[in-house]
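Asker: Take a look at run_5.csv, CSV, C-alpha atoms:
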chain,number,residue,atom,x,y,z
A,1,MET,CA,0.0,0.0,0.0
A,2,VAL,CA,2.8,2.4,1.0
A,3,LYS,CA,4.6,1.5,-2.3
A,4,GLN,CA,1.4,2.2,-4.3
A,5,ALA,CA,0.8,5.6,-2.7
A,6,ARG,CA,4.4,6.5,-3.4
A,7,ALA,CA,4.0,5.4,-7.1
A,8,VAL,CA,0.9,7.6,-7.4
A,9,ARG,CA,2.8,10.6,-5.9
A,10,THR,CA,5.7,10.0,-8.2
A,11,ARG,CA,3.5,9.7,-11.3
A,12,ARG,CA,1.8,13.0,-10.3
A,13,ALA,CA,5.1,14.8,-9.7
A,14,VAL,CA,6.3,13.7,-13.2
A,15,LEU,CA,3.1,14.8,-14.8
A,16,GLU,CA,3.2,18.2,-13.1
A,17,ALA,CA,6.9,18.7,-14.0
A,18,ALA,CA,6.1,17.8,-17.6
A,19,ALA,CA,3.2,20.3,-17.6
A,20,HIS,CA,5.5,23.1,-16.2
A,21,VAL,CA,8.2,22.5,-18.8
A,22,ILE,CA,5.7,22.2,-21.7
A,23,GLY,CA,3.7,25.1,-20.5
A,24,SER,CA,6.7,27.4,-20.3
A,25,ARG,CA,8.8,26.2,-23.3
A,26,GLY,CA,6.3,24.6,-25.6
A,27,TYR,CA,6.0,20.9,-26.5
A,28,GLN,CA,8.6,20.7,-29.2
A,29,ALA,CA,11.3,22.5,-27.1
A,30,ALA,CA,10.6,20.5,-23.9
A,31,THR,CA,13.0,17.6,-23.3
A,32,MET,CA,12.7,14.5,-21.1
A,33,ALA,CA,16.0,15.5,-19.4
A,34,GLU,CA,14.5,18.8,-18.2
A,35,ILE,CA,11.3,17.1,-17.1
A,36,ILE,CA,13.2,14.5,-15.2
A,37,GLN,CA,15.3,17.1,-13.5
A,38,ARG,CA,12.3,19.2,-12.5
A,39,ALA,CA,10.4,16.2,-11.2
A,40,GLY,CA,13.3,15.4,-8.9
A,41,VAL,CA,13.0,11.7,-9.4
A,42,THR,CA,15.1,9.1,-11.1
A,43,LYS,CA,15.1,8.6,-14.9
A,44,GLY,CA,13.9,5.0,-14.2
A,45,ALA,CA,10.9,6.2,-12.2
A,46,VAL,CA,9.8,8.6,-15.0
A,47,TYR,CA,10.1,5.9,-17.7
A,48,PHE,CA,8.2,3.4,-15.5
A,49,HIS,CA,5.2,5.7,-15.7
A,50,PHE,CA,5.6,7.3,-19.1
A,51,THR,CA,7.6,5.7,-21.9
A,52,SER,CA,8.0,8.9,-24.0
A,53,LYS,CA,7.3,12.6,-24.2
A,54,ASP,CA,4.3,11.7,-26.4
A,55,ALA,CA,2.9,9.5,-23.6
A,56,LEU,CA,3.3,12.5,-21.1
A,57,ALA,CA,1.5,14.8,-23.5
A,58,ARG,CA,-1.4,12.4,-23.8
A,59,ALA,CA,-1.6,12.1,-20.0
A,60,VAL,CA,-1.6,15.9,-19.7
A,61,ILE,CA,-4.4,16.3,-22.2
A,62,THR,CA,-6.5,13.5,-20.7
A,63,GLU,CA,-6.1,14.4,-17.0
A,64,GLN,CA,-6.3,18.2,-17.4
A,65,VAL,CA,-10.1,17.9,-17.8
A,66,ASP,CA,-10.8,15.7,-14.8
A,67,PRO,CA,-11.3,18.4,-12.1
A,68,PHE,CA,-13.8,20.3,-14.3
A,69,LEU,CA,-17.0,18.3,-14.6
A,70,PRO,CA,-19.8,20.8,-15.2
A,71,GLN,CA,-22.5,21.2,-12.5
A,72,THR,CA,-26.1,20.4,-13.2
A,73,SER,CA,-28.8,23.0,-12.7
A,74,ALA,CA,-32.1,23.8,-14.4
A,75,SER,CA,-30.2,25.7,-17.2
A,76,ARG,CA,-27.6,23.8,-19.2
A,77,LEU,CA,-26.5,26.9,-20.9
A,78,GLN,CA,-25.8,28.6,-17.6
A,79,ASP,CA,-24.0,25.4,-16.6
A,80,ALA,CA,-21.8,25.8,-19.7
A,81,ILE,CA,-21.1,29.4,-18.9
A,82,ASP,CA,-20.2,28.6,-15.3
A,83,PHE,CA,-18.0,25.7,-16.5
A,84,THR,CA,-16.0,27.9,-18.9
A,85,HIS,CA,-15.5,30.5,-16.1
A,86,ARG,CA,-14.2,27.8,-13.7
A,87,VAL,CA,-11.7,26.7,-16.4
A,88,ALA,CA,-10.7,30.3,-17.1
A,89,LEU,CA,-9.9,31.0,-13.4
A,90,ALA,CA,-7.9,27.7,-13.2
A,91,LEU,CA,-6.0,28.5,-16.5
A,92,ARG,CA,-4.3,31.3,-14.7
A,93,SER,CA,-2.3,28.9,-12.4
A,94,ASP,CA,-3.0,25.2,-13.4
A,95,PRO,CA,0.1,23.8,-15.1
A,96,LEU,CA,-1.8,21.0,-16.8
A,97,LEU,CA,-4.3,23.4,-18.4
A,98,GLN,CA,-1.5,25.7,-19.5
A,99,ALA,CA,0.4,22.9,-21.0
A,100,GLY,CA,-2.7,21.6,-22.8
A,101,THR,CA,-3.0,24.9,-24.7
A,102,ARG,CA,0.6,24.6,-25.9
A,103,ILE,CA,0.1,21.0,-27.0
A,104,ALA,CA,-3.1,22.2,-28.9
A,105,VAL,CA,-1.5,25.1,-30.8
A,106,GLU,CA,1.6,23.1,-31.7
A,107,THR,CA,-0.5,20.4,-33.3
A,108,THR,CA,1.5,17.9,-31.3
A,109,PHE,CA,-0.4,14.7,-32.4
A,110,SER,CA,0.0,14.7,-36.2
A,111,GLU,CA,-2.3,11.6,-36.5
A,112,GLU,CA,-5.0,12.9,-34.2
A,113,PRO,CA,-4.5,16.7,-34.3
A,114,LEU,CA,-7.8,17.5,-32.6
A,115,LEU,CA,-7.1,15.3,-29.6
A,116,PRO,CA,-6.2,18.2,-27.3
A,117,TYR,CA,-9.6,19.8,-28.1
A,118,GLN,CA,-11.7,16.6,-27.9
A,119,ALA,CA,-12.6,16.3,-24.2
A,120,TRP,CA,-13.6,20.0,-24.2
A,121,THR,CA,-15.7,19.7,-27.3
A,122,ASP,CA,-17.4,16.6,-26.0
A,123,ILE,CA,-18.4,18.4,-22.7
A,124,ILE,CA,-19.7,21.5,-24.5
A,125,THR,CA,-21.5,19.4,-27.1
A,126,SER,CA,-23.3,17.4,-24.4
A,127,LEU,CA,-24.3,20.6,-22.6
A,128,PHE,CA,-25.6,22.2,-25.8
A,129,THR,CA,-27.5,19.0,-26.7
A,130,GLU,CA,-29.2,18.9,-23.3
A,131,ALA,CA,-29.9,22.7,-23.6
A,132,ARG,CA,-31.6,21.8,-26.9
A,133,ALA,CA,-33.8,19.3,-25.1
A,134,ASN,CA,-34.5,22.0,-22.5
A,135,GLY,CA,-35.7,24.4,-25.1
A,136,GLU,CA,-32.8,26.8,-24.4
A,137,LEU,CA,-31.3,26.7,-27.9
A,138,LEU,CA,-32.3,28.6,-31.0
A,139,ALA,CA,-33.8,26.3,-33.6
A,140,ALA,CA,-31.0,26.9,-36.2
A,141,VAL,CA,-28.2,25.9,-33.8
A,142,VAL,CA,-26.5,22.5,-34.4
A,143,PRO,CA,-25.0,21.5,-31.0
A,144,GLU,CA,-21.9,19.7,-32.3
A,145,ARG,CA,-21.0,22.5,-34.7
A,146,ALA,CA,-21.7,25.2,-32.2
A,147,ALA,CA,-19.5,23.4,-29.6
A,148,GLU,CA,-16.6,23.1,-32.1
A,149,PHE,CA,-17.0,26.8,-32.8
A,150,PHE,CA,-17.2,27.7,-29.2
A,151,VAL,CA,-14.1,25.7,-28.1
A,152,ALA,CA,-12.1,27.2,-31.0
A,153,ALA,CA,-13.2,30.7,-30.1
A,154,TYR,CA,-12.4,30.1,-26.5
A,155,MET,CA,-8.9,28.9,-27.4
A,156,GLY,CA,-8.4,32.1,-29.4
A,157,VAL,CA,-9.7,34.3,-26.5
A,158,GLN,CA,-7.4,32.6,-23.9
A,159,LEU,CA,-4.4,33.0,-26.3
A,160,PHE,CA,-5.2,36.7,-26.7
A,161,SER,CA,-5.6,37.1,-23.0
A,162,CYS,CA,-2.3,35.3,-22.3
A,163,ALA,CA,-0.5,37.7,-24.7
A,164,ALA,CA,-2.3,40.8,-23.3
A,165,THR,CA,-2.2,40.2,-19.5
A,166,ASN,CA,-0.8,36.7,-18.9
A,167,ARG,CA,-4.5,35.7,-18.5
A,168,ALA,CA,-5.3,38.2,-15.7
A,169,ASP,CA,-8.2,39.5,-17.8
A,170,LEU,CA,-9.3,36.1,-19.0
A,171,PRO,CA,-12.5,36.0,-16.9
A,172,ASN,CA,-13.6,39.4,-18.4
A,173,ARG,CA,-12.8,38.2,-21.9
A,174,VAL,CA,-14.8,35.0,-21.3
A,175,THR,CA,-17.7,37.1,-20.2
A,176,THR,CA,-17.4,39.1,-23.5
A,177,LEU,CA,-17.2,35.9,-25.4
A,178,TRP,CA,-20.5,34.8,-24.0
A,179,LYS,CA,-22.1,38.2,-24.4
A,180,HIS,CA,-21.3,38.1,-28.1
A,181,THR,CA,-22.3,34.4,-28.7
A,182,LEU,CA,-25.4,33.9,-26.5
A,183,PRO,CA,-27.7,35.9,-28.8
A,184,GLY,CA,-26.8,33.4,-31.6
A,185,LEU,CA,-27.2,30.4,-29.3
A,186,ALA,CA,-30.0,31.0,-26.7
A,187,SER,CA,-33.7,31.1,-27.4
A,188,PRO,CA,-35.2,34.5,-26.4
A,189,GLY,CA,-36.9,32.9,-23.4
A,190,ALA,CA,-33.7,31.5,-22.1
A,191,LEU,CA,-31.5,34.5,-23.0
A,192,SER,CA,-32.9,36.9,-20.4
A,193,HIS,CA,-32.2,34.5,-17.5
A,194,LEU,CA,-28.6,33.8,-18.3
A,195,ASP,CA,-25.6,35.5,-16.6
A,196,PRO,CA,-22.6,35.7,-19.0
A,197,GLN,CA,-20.4,36.4,-16.0
A,198,GLY,CA,-21.1,33.0,-14.5
A,199,ARG,CA,-22.7,32.3,-11.1
A,200,ARG,CA,-20.3,32.6,-8.3
A,201,VAL,CA,-22.3,30.1,-6.2
A,202,GLN,CA,-24.1,27.1,-7.5
A,203,ILE,CA,-27.9,27.8,-7.4
A,204,VAL,CA,-30.3,25.1,-8.5
A,205,VAL,CA,-33.4,27.0,-9.7
B,206,MET,CA,17.2,51.7,-61.1
B,207,VAL,CA,18.2,48.1,-62.1
B,208,LYS,CA,20.0,47.8,-58.8
B,209,GLN,CA,17.0,49.1,-56.9
B,210,ALA,CA,14.7,46.6,-58.5
B,211,ARG,CA,17.0,43.8,-57.6
B,212,ALA,CA,17.2,45.0,-54.0
B,213,VAL,CA,13.4,45.0,-53.8
B,214,ARG,CA,13.3,41.4,-55.3
B,215,THR,CA,16.0,40.2,-52.9
B,216,ARG,CA,14.2,41.8,-49.9
B,217,ARG,CA,11.0,40.0,-50.9
B,218,ALA,CA,12.7,36.7,-51.4
B,219,VAL,CA,14.2,36.9,-47.9
B,220,LEU,CA,10.9,37.9,-46.4
B,221,GLU,CA,9.1,35.0,-48.1
B,222,ALA,CA,11.8,32.5,-47.1
B,223,ALA,CA,11.5,33.7,-43.5
B,224,ALA,CA,7.7,33.3,-43.7
B,225,HIS,CA,8.1,29.7,-45.0
B,226,VAL,CA,10.6,28.7,-42.4
B,227,ILE,CA,8.6,30.4,-39.5
B,228,GLY,CA,5.3,29.1,-40.8
B,229,SER,CA,6.5,25.5,-40.9
B,230,ARG,CA,8.8,25.3,-37.9
B,231,GLY,CA,7.6,28.1,-35.6
B,232,TYR,CA,9.4,31.3,-34.7
B,233,GLN,CA,11.6,30.0,-31.9
B,234,ALA,CA,12.8,27.0,-33.9
B,235,ALA,CA,13.5,29.1,-37.1
B,236,THR,CA,17.1,30.0,-37.7
B,237,MET,CA,18.7,32.7,-39.8
B,238,ALA,CA,20.9,30.1,-41.4
B,239,GLU,CA,17.9,28.1,-42.7
B,240,ILE,CA,16.2,31.3,-43.8
B,241,ILE,CA,19.3,32.4,-45.7
B,242,GLN,CA,19.7,29.0,-47.3
B,243,ARG,CA,16.0,29.0,-48.4
B,244,ALA,CA,16.2,32.5,-49.8
B,245,GLY,CA,19.1,31.5,-52.0
B,246,VAL,CA,20.9,34.8,-51.5
B,247,THR,CA,24.1,35.7,-49.6
B,248,LYS,CA,24.2,36.2,-45.9
B,249,GLY,CA,25.3,39.8,-46.5
B,250,ALA,CA,22.2,40.5,-48.7
B,251,VAL,CA,19.9,39.2,-45.9
B,252,TYR,CA,21.6,41.3,-43.2
B,253,PHE,CA,21.5,44.3,-45.5
B,254,HIS,CA,17.7,44.2,-45.4
B,255,PHE,CA,17.0,42.6,-42.0
B,256,THR,CA,19.4,42.9,-39.1
B,257,SER,CA,17.9,40.0,-37.0
B,258,LYS,CA,15.2,37.4,-36.9
B,259,ASP,CA,13.2,39.8,-34.8
B,260,ALA,CA,13.4,42.4,-37.6
B,261,LEU,CA,12.2,39.7,-40.1
B,262,ALA,CA,9.2,38.8,-37.8
B,263,ARG,CA,8.3,42.5,-37.6
B,264,ALA,CA,8.3,42.8,-41.4
B,265,VAL,CA,6.2,39.6,-41.7
B,266,ILE,CA,3.6,41.0,-39.3
B,267,THR,CA,3.5,44.5,-40.9
B,268,GLU,CA,3.5,43.4,-44.5
B,269,GLN,CA,1.1,40.4,-44.2
B,270,VAL,CA,-1.8,42.8,-43.9
B,271,ASP,CA,-1.0,45.0,-46.9
B,272,PRO,CA,-3.0,43.1,-49.6
B,273,PHE,CA,-6.1,42.9,-47.6
B,274,LEU,CA,-7.7,46.4,-47.3
B,275,PRO,CA,-11.4,46.0,-46.9
B,276,GLN,CA,-13.7,47.1,-49.6
B,277,THR,CA,-16.2,49.9,-49.0
B,278,SER,CA,-19.9,49.2,-49.6
B,279,ALA,CA,-23.2,50.4,-48.1
B,280,SER,CA,-22.8,47.8,-45.3
B,281,ARG,CA,-19.7,48.0,-43.2
B,282,LEU,CA,-20.6,44.7,-41.4
B,283,GLN,CA,-20.8,43.0,-44.8
B,284,ASP,CA,-17.5,44.5,-45.7
B,285,ALA,CA,-16.1,43.0,-42.4
B,286,ILE,CA,-17.5,39.6,-43.3
B,287,ASP,CA,-16.1,39.7,-46.8
B,288,PHE,CA,-12.7,40.9,-45.5
B,289,THR,CA,-12.4,38.0,-43.1
B,290,HIS,CA,-13.4,35.5,-45.9
B,291,ARG,CA,-10.7,36.9,-48.2
B,292,VAL,CA,-8.1,36.5,-45.4
B,293,ALA,CA,-9.4,32.9,-44.8
B,294,LEU,CA,-9.0,31.9,-48.4
B,295,ALA,CA,-5.5,33.5,-48.5
B,296,LEU,CA,-4.5,31.8,-45.2
B,297,ARG,CA,-4.6,28.4,-47.0
B,298,SER,CA,-1.6,29.4,-49.1
B,299,ASP,CA,0.0,32.7,-48.2
B,300,PRO,CA,3.2,32.1,-46.3
B,301,LEU,CA,3.2,35.6,-44.6
B,302,LEU,CA,-0.2,35.0,-43.2
B,303,GLN,CA,0.7,31.5,-42.0
B,304,ALA,CA,3.9,32.8,-40.4
B,305,GLY,CA,1.9,35.6,-38.7
B,306,THR,CA,-0.2,33.1,-36.9
B,307,ARG,CA,2.8,31.3,-35.6
B,308,ILE,CA,4.4,34.6,-34.4
B,309,ALA,CA,1.1,35.4,-32.6
B,310,VAL,CA,0.7,32.1,-30.8
B,311,GLU,CA,4.4,32.0,-29.7
B,312,THR,CA,4.1,35.5,-28.1
B,313,THR,CA,7.2,36.4,-30.0
B,314,PHE,CA,7.5,40.1,-28.9
B,315,SER,CA,7.7,40.0,-25.2
B,316,GLU,CA,7.5,43.8,-24.9
B,317,GLU,CA,4.6,44.2,-27.3
B,318,PRO,CA,2.9,40.8,-27.2
B,319,LEU,CA,-0.3,42.0,-29.0
B,320,LEU,CA,1.7,43.4,-32.0
B,321,PRO,CA,0.8,40.4,-34.2
B,322,TYR,CA,-2.9,41.1,-33.7
B,323,GLN,CA,-2.7,44.9,-33.9
B,324,ALA,CA,-3.3,45.6,-37.6
B,325,TRP,CA,-6.2,43.1,-37.7
B,326,THR,CA,-7.8,44.6,-34.6
B,327,ASP,CA,-7.4,48.1,-36.0
B,328,ILE,CA,-9.1,47.2,-39.3
B,329,ILE,CA,-12.0,45.4,-37.5
B,330,THR,CA,-12.4,48.2,-35.0
B,331,SER,CA,-12.7,50.8,-37.7
B,332,LEU,CA,-15.2,48.7,-39.7
B,333,PHE,CA,-17.3,48.2,-36.5
B,334,THR,CA,-17.0,51.9,-35.6
B,335,GLU,CA,-18.3,52.9,-39.1
B,336,ALA,CA,-21.0,50.2,-38.8
B,337,ARG,CA,-22.1,51.9,-35.6
B,338,ALA,CA,-22.4,55.2,-37.4
B,339,ASN,CA,-24.4,53.4,-40.1
B,340,GLY,CA,-26.9,52.1,-37.5
B,341,GLU,CA,-25.8,48.5,-38.1
B,342,LEU,CA,-24.6,47.7,-34.6
B,343,LEU,CA,-26.6,46.8,-31.6
B,344,ALA,CA,-26.6,49.5,-28.9
B,345,ALA,CA,-24.7,47.5,-26.3
B,346,VAL,CA,-21.8,46.7,-28.6
B,347,VAL,CA,-18.5,48.5,-27.9
B,348,PRO,CA,-16.6,48.5,-31.3
B,349,GLU,CA,-13.0,48.2,-29.8
B,350,ARG,CA,-14.0,45.4,-27.4
B,351,ALA,CA,-16.1,43.6,-30.0
B,352,ALA,CA,-13.1,43.8,-32.5
B,353,GLU,CA,-10.7,42.3,-29.9
B,354,PHE,CA,-13.1,39.5,-29.2
B,355,PHE,CA,-13.6,38.9,-32.9
B,356,VAL,CA,-9.9,38.8,-33.8
B,357,ALA,CA,-9.2,36.5,-30.9
B,358,ALA,CA,-12.1,34.2,-31.8
B,359,TYR,CA,-10.9,34.2,-35.5
B,360,MET,CA,-7.4,33.2,-34.4
B,361,GLY,CA,-8.9,30.2,-32.5
B,362,VAL,CA,-11.1,29.2,-35.4
B,363,GLN,CA,-8.2,29.3,-37.8
B,364,LEU,CA,-6.0,27.2,-35.4
B,365,PHE,CA,-8.8,24.7,-35.0
B,366,SER,CA,-9.3,24.5,-38.8
B,367,CYS,CA,-5.5,24.2,-39.3
B,368,ALA,CA,-5.5,21.2,-36.9
B,369,ALA,CA,-8.7,19.7,-38.4
B,370,THR,CA,-8.1,20.0,-42.1
B,371,ASN,CA,-4.9,22.1,-42.7
B,372,ARG,CA,-7.4,25.0,-43.2
B,373,ALA,CA,-9.3,23.4,-46.1
B,374,ASP,CA,-12.6,23.9,-44.1
B,375,LEU,CA,-11.6,27.4,-42.9
B,376,PRO,CA,-14.1,29.3,-45.1
B,377,ASN,CA,-17.0,27.1,-43.7
B,378,ARG,CA,-15.7,27.7,-40.1
B,379,VAL,CA,-15.5,31.5,-40.7
B,380,THR,CA,-19.2,31.4,-41.9
B,381,THR,CA,-20.1,29.5,-38.7
B,382,LEU,CA,-18.2,32.2,-36.7
B,383,TRP,CA,-20.2,34.9,-38.3
B,384,LYS,CA,-23.5,33.0,-37.9
B,385,HIS,CA,-22.8,32.7,-34.2
B,386,THR,CA,-21.6,36.2,-33.6
B,387,LEU,CA,-23.8,38.4,-35.9
B,388,PRO,CA,-26.9,38.1,-33.7
B,389,GLY,CA,-24.8,39.7,-30.9
B,390,LEU,CA,-23.4,42.4,-33.1
B,391,ALA,CA,-25.9,43.5,-35.8
B,392,SER,CA,-29.1,45.5,-35.2
B,393,PRO,CA,-32.2,43.6,-36.3
B,394,GLY,CA,-32.7,45.8,-39.4
B,395,ALA,CA,-29.1,45.1,-40.6
B,396,LEU,CA,-29.0,41.4,-39.6
B,397,SER,CA,-31.5,40.2,-42.2
B,398,HIS,CA,-29.5,41.8,-45.1
B,399,LEU,CA,-26.1,40.2,-44.2
B,400,ASP,CA,-24.6,37.1,-45.8
B,401,PRO,CA,-22.3,35.3,-43.3
B,402,GLN,CA,-20.8,33.4,-46.2
B,403,GLY,CA,-19.4,36.6,-47.7
B,404,ARG,CA,-20.2,38.1,-51.1
B,405,ARG,CA,-18.3,36.4,-54.0
B,406,VAL,CA,-18.5,39.6,-56.1
B,407,GLN,CA,-18.5,43.1,-54.7
B,408,ILE,CA,-22.0,44.6,-54.9
B,409,VAL,CA,-22.5,48.2,-53.9
B,410,VAL,CA,-26.1,48.4,-52.7
Mind turning the file's structure into structure tokens?

Answerer:
Amino acid sequence: MVKQARAVRTRRAVLEAAAHVIGSRGYQAATMAEIIQRAGVTKGAVYFHFTSKDALARAVITEQVDPFLPQTSASRLQDAIDFTHRVALALRSDPLLQAGTRIAVETTFSEEPLLPYQAWTDIITSLFTEARANGELLAAVVPERAAEFFVAAYMGVQLFSCAATNRADLPNRVTTLWKHTLPGLASPGALSHLDPQGRRVQIVV
Amino acid sequence: MVKQARAVRTRRAVLEAAAHVIGSRGYQAATMAEIIQRAGVTKGAVYFHFTSKDALARAVITEQVDPFLPQTSASRLQDAIDFTHRVALALRSDPLLQAGTRIAVETTFSEEPLLPYQAWTDIITSLFTEARANGELLAAVVPERAAEFFVAAYMGVQLFSCAATNRADLPNRVTTLWKHTLPGLASPGALSHLDPQGRRVQIVV
């Protein structure tokens, strides 16, 4: 048991070290040597958990999403808004999220170039699909296509914010993103009840 | 005169070589040696025109915008739509535009990180400002902020399209971008006259 707990801690330390190095240098420029040094563990321990930089990047992409399951309230569009605001706040300090954006813009997986976007697109697609069932979406909106558009636009907004203020203004820019996209997404009845700034506290209406 | 024409051609060859190398490898990974080799000119000729990689990146950013002045018709929002579609078509093959996106996402100019976005934001801001004077914008829209949002979203959409299809589907994704953002930008009277696919031929209404 003690051994297993230590293995979990080591794996996490390596993953976070990889995220730090990729997040600051980019995926191409990151080296296993630097990741090993930053993790403060042996080379053998690193390769026990991750056989390559590619395997590390896949783990970063998969596990970055885990802490961010959307909440469930009466409005699935509001849940989507709140979800993107929680991610925006976390993007300012979470090394896995920051590394995920570098992996996405460098098109790291040439065989599956959309992999870094996939989990986010899936979450937004399912929120929009449930919003459709709720009567919250405009008739012309196609949930899958709207979700791909939204995730792409969000990526651009966080890149711009990263350049402008190192993401300090990202929450405001995410609010602006929703202000500009909700009129093309939400049915008139839903629109007036939505808060593009996100709800600070979860309220189940 | 002959000498001057040759200097102009050499400068252009160097600029396009730099754009090719930066566009395929990224700005950080691009080297002056590779740019010089690709341009097929002497090292002295390159340094006569551009003293550093930084100077080359600045020239790429400044000169990429030159061929894309928006047209002027009765609808400034339609002019903005058409403008972004012309850029989308060109992005599929124009090395300067492709290099410009790499320079932007790598935050190449640490002192002026928004420089790669600036010319685009200025053009969209002035189109939205004139659209406001035309009565085409919703009352709540702030042209500068809307333009920054739009340019950021456009960057994300082109990155996503680059990953998905090497930009083959970019025109469709730009249409989707406008379909999703026009309802939050255009006044009801203007909205019904706008074509988010862009006009193939310039029509002055």

Asker: Which neighbours of A:Tyr154 fall inside 9 Å, counting only C-alpha atoms, when residues of the same chain fewer than 5 positions from it are skipped, and could you give them as an mmCIF file with C-alpha atoms, in the frame of the given file?

Answerer:
data_model
loop_
_atom_site.group_PDB
_atom_site.id
_atom_site.type_symbol
_atom_site.label_atom_id
_atom_site.label_comp_id
_atom_site.auth_asym_id
_atom_site.auth_seq_id
_atom_site.Cartn_x
_atom_site.Cartn_y
_atom_site.Cartn_z
ATOM 1 C CA THR A 84 -16.000 27.900 -18.900
ATOM 2 C CA PHE A 149 -17.000 26.800 -32.800
ATOM 3 C CA LEU A 159 -4.400 33.000 -26.300
ATOM 4 C CA VAL A 174 -14.800 35.000 -21.300
ATOM 5 C CA LEU A 177 -17.200 35.900 -25.400
ATOM 6 C CA ALA B 357 -9.200 36.500 -30.900
ATOM 7 C CA ALA B 358 -12.100 34.200 -31.800
ATOM 8 C CA GLY B 361 -8.900 30.200 -32.500
#

Asker: May I have the residues of chain A within 8 Å of chain B, counting all atoms listed in the file, written as a list in words?

Answerer: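 Listing them in order of chain and number gives Val105, Thr107, Pro113, Leu114, Ala146, Phe149, Ala152, Ala153, Tyr154, Met155, Gly156, Val157, Leu159, Phe160, Ala163, Ala164, Arg173, Thr176, Leu177, Lys179, His180, Thr181, Leu182, Pro183, Gly184 and Leu185 of chain A.
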
Asker: Hey, what's within 7 Å of stretch 294-296 of chain B if we count all atoms listed in the file and toss same-chain stuff fewer than 5 positions away? As a ChimeraX atom specification, please?

Answerer: /B:302-303,376

Asker: Neighbours of A:Leu77 within 8 Å (all atoms listed in the file; same-chain residues fewer than 5 positions away dropped), as number ranges by chain?

Answerer: A: 127-128, 131, 136, 186, 194

Asker: Could you tell me which of B:Gln323, B:Asn339, B:Gln402, B:Asn377 comes closest to B:Ser280 if we count all atoms listed in the file?

Answerer: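 Looking at the shortest contact to B:Ser280, the residue is B:Asn339.
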
Asker: So which residues touch A:Ser52 within 12 Å, counting only C-alpha atoms, skipping near sequence neighbours fewer than 4 positions away, as a ChimeraX atom specification?

Answerer: /A:14-15,18,30-33,35-36,43,46-48,56-59

Asker: Find the distance between atom CA of B:Thr215 and atom CA of B:Phe255 and write it in Å to one decimal.

Answerer: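 It comes out at 11.2 Å.
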
Asker: Which protein, DNA or RNA residues are at most 10 Å from (-18.0, 44.7, -42.3) in the file's coordinates when you count only C-alpha atoms, listed as a tab-separated table (two decimals) with C-alpha atoms, keeping the file's coordinate frame?

Answerer:
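Done, and the output landed in result25.tsv:
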chain	number	residue	atom	x	y	z
B	275	PRO	CA	-11.40	46.00	-46.90
B	276	GLN	CA	-13.70	47.10	-49.60
B	277	THR	CA	-16.20	49.90	-49.00
B	278	SER	CA	-19.90	49.20	-49.60
B	279	ALA	CA	-23.20	50.40	-48.10
B	280	SER	CA	-22.80	47.80	-45.30
B	281	ARG	CA	-19.70	48.00	-43.20
B	282	LEU	CA	-20.60	44.70	-41.40
B	283	GLN	CA	-20.80	43.00	-44.80
B	284	ASP	CA	-17.50	44.50	-45.70
B	285	ALA	CA	-16.10	43.00	-42.40
B	286	ILE	CA	-17.50	39.60	-43.30
B	287	ASP	CA	-16.10	39.70	-46.80
B	288	PHE	CA	-12.70	40.90	-45.50
B	289	THR	CA	-12.40	38.00	-43.10
B	328	ILE	CA	-9.10	47.20	-39.30
B	329	ILE	CA	-12.00	45.40	-37.50
B	330	THR	CA	-12.40	48.20	-35.00
B	331	SER	CA	-12.70	50.80	-37.70
B	332	LEU	CA	-15.20	48.70	-39.70
B	333	PHE	CA	-17.30	48.20	-36.50
B	334	THR	CA	-17.00	51.90	-35.60
B	335	GLU	CA	-18.30	52.90	-39.10
B	336	ALA	CA	-21.00	50.20	-38.80
B	341	GLU	CA	-25.80	48.50	-38.10
B	399	LEU	CA	-26.10	40.20	-44.20
B	403	GLY	CA	-19.40	36.60	-47.70

Asker: How far is it from atom CA of A:Thr121 to atom CA of A:Glu144, in Å with one decimal?

Answerer: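 Atom-to-atom, atom CA of A:Thr121 and atom CA of A:Glu144 are spaced 8.0 Å apart.
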
Asker: At a cut-off of 6 Å from (0.0, 17.2, -17.2) in the coordinates of the file, what residues are picked up using all atoms listed in the file, written as a list in words?

Answerer: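 Within the cut-off we find Leu15, Glu16, Ala19, Val60 and Leu96 of chain A.
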
Asker: Could you check how far atom CA of B:Ser229 sits from atom CA of B:Ile308, in Å to one decimal?

Answerer: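 Going from atom CA of B:Ser229 over to atom CA of B:Ile308 covers 11.4 Å.
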
Asker: Considering all atoms listed in the file, state which residue in the set A:Ala45, A:Pro188, A:Gln37, A:Val21 is at the smallest distance from A:Arg6.

Answerer: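 Of A:Ala45, A:Pro188, A:Gln37, A:Val21, the one nearest A:Arg6 is A:Ala45, counting all atoms listed in the file.
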
Asker: Quick one: everything within 10 Å of B:Gly394, counting all atoms listed in the file, minus sequence neighbours fewer than 2 positions away in the same chain. Send it as a PyMOL selection string.

Answerer: chain B and resi 340-343+391-392+396-399
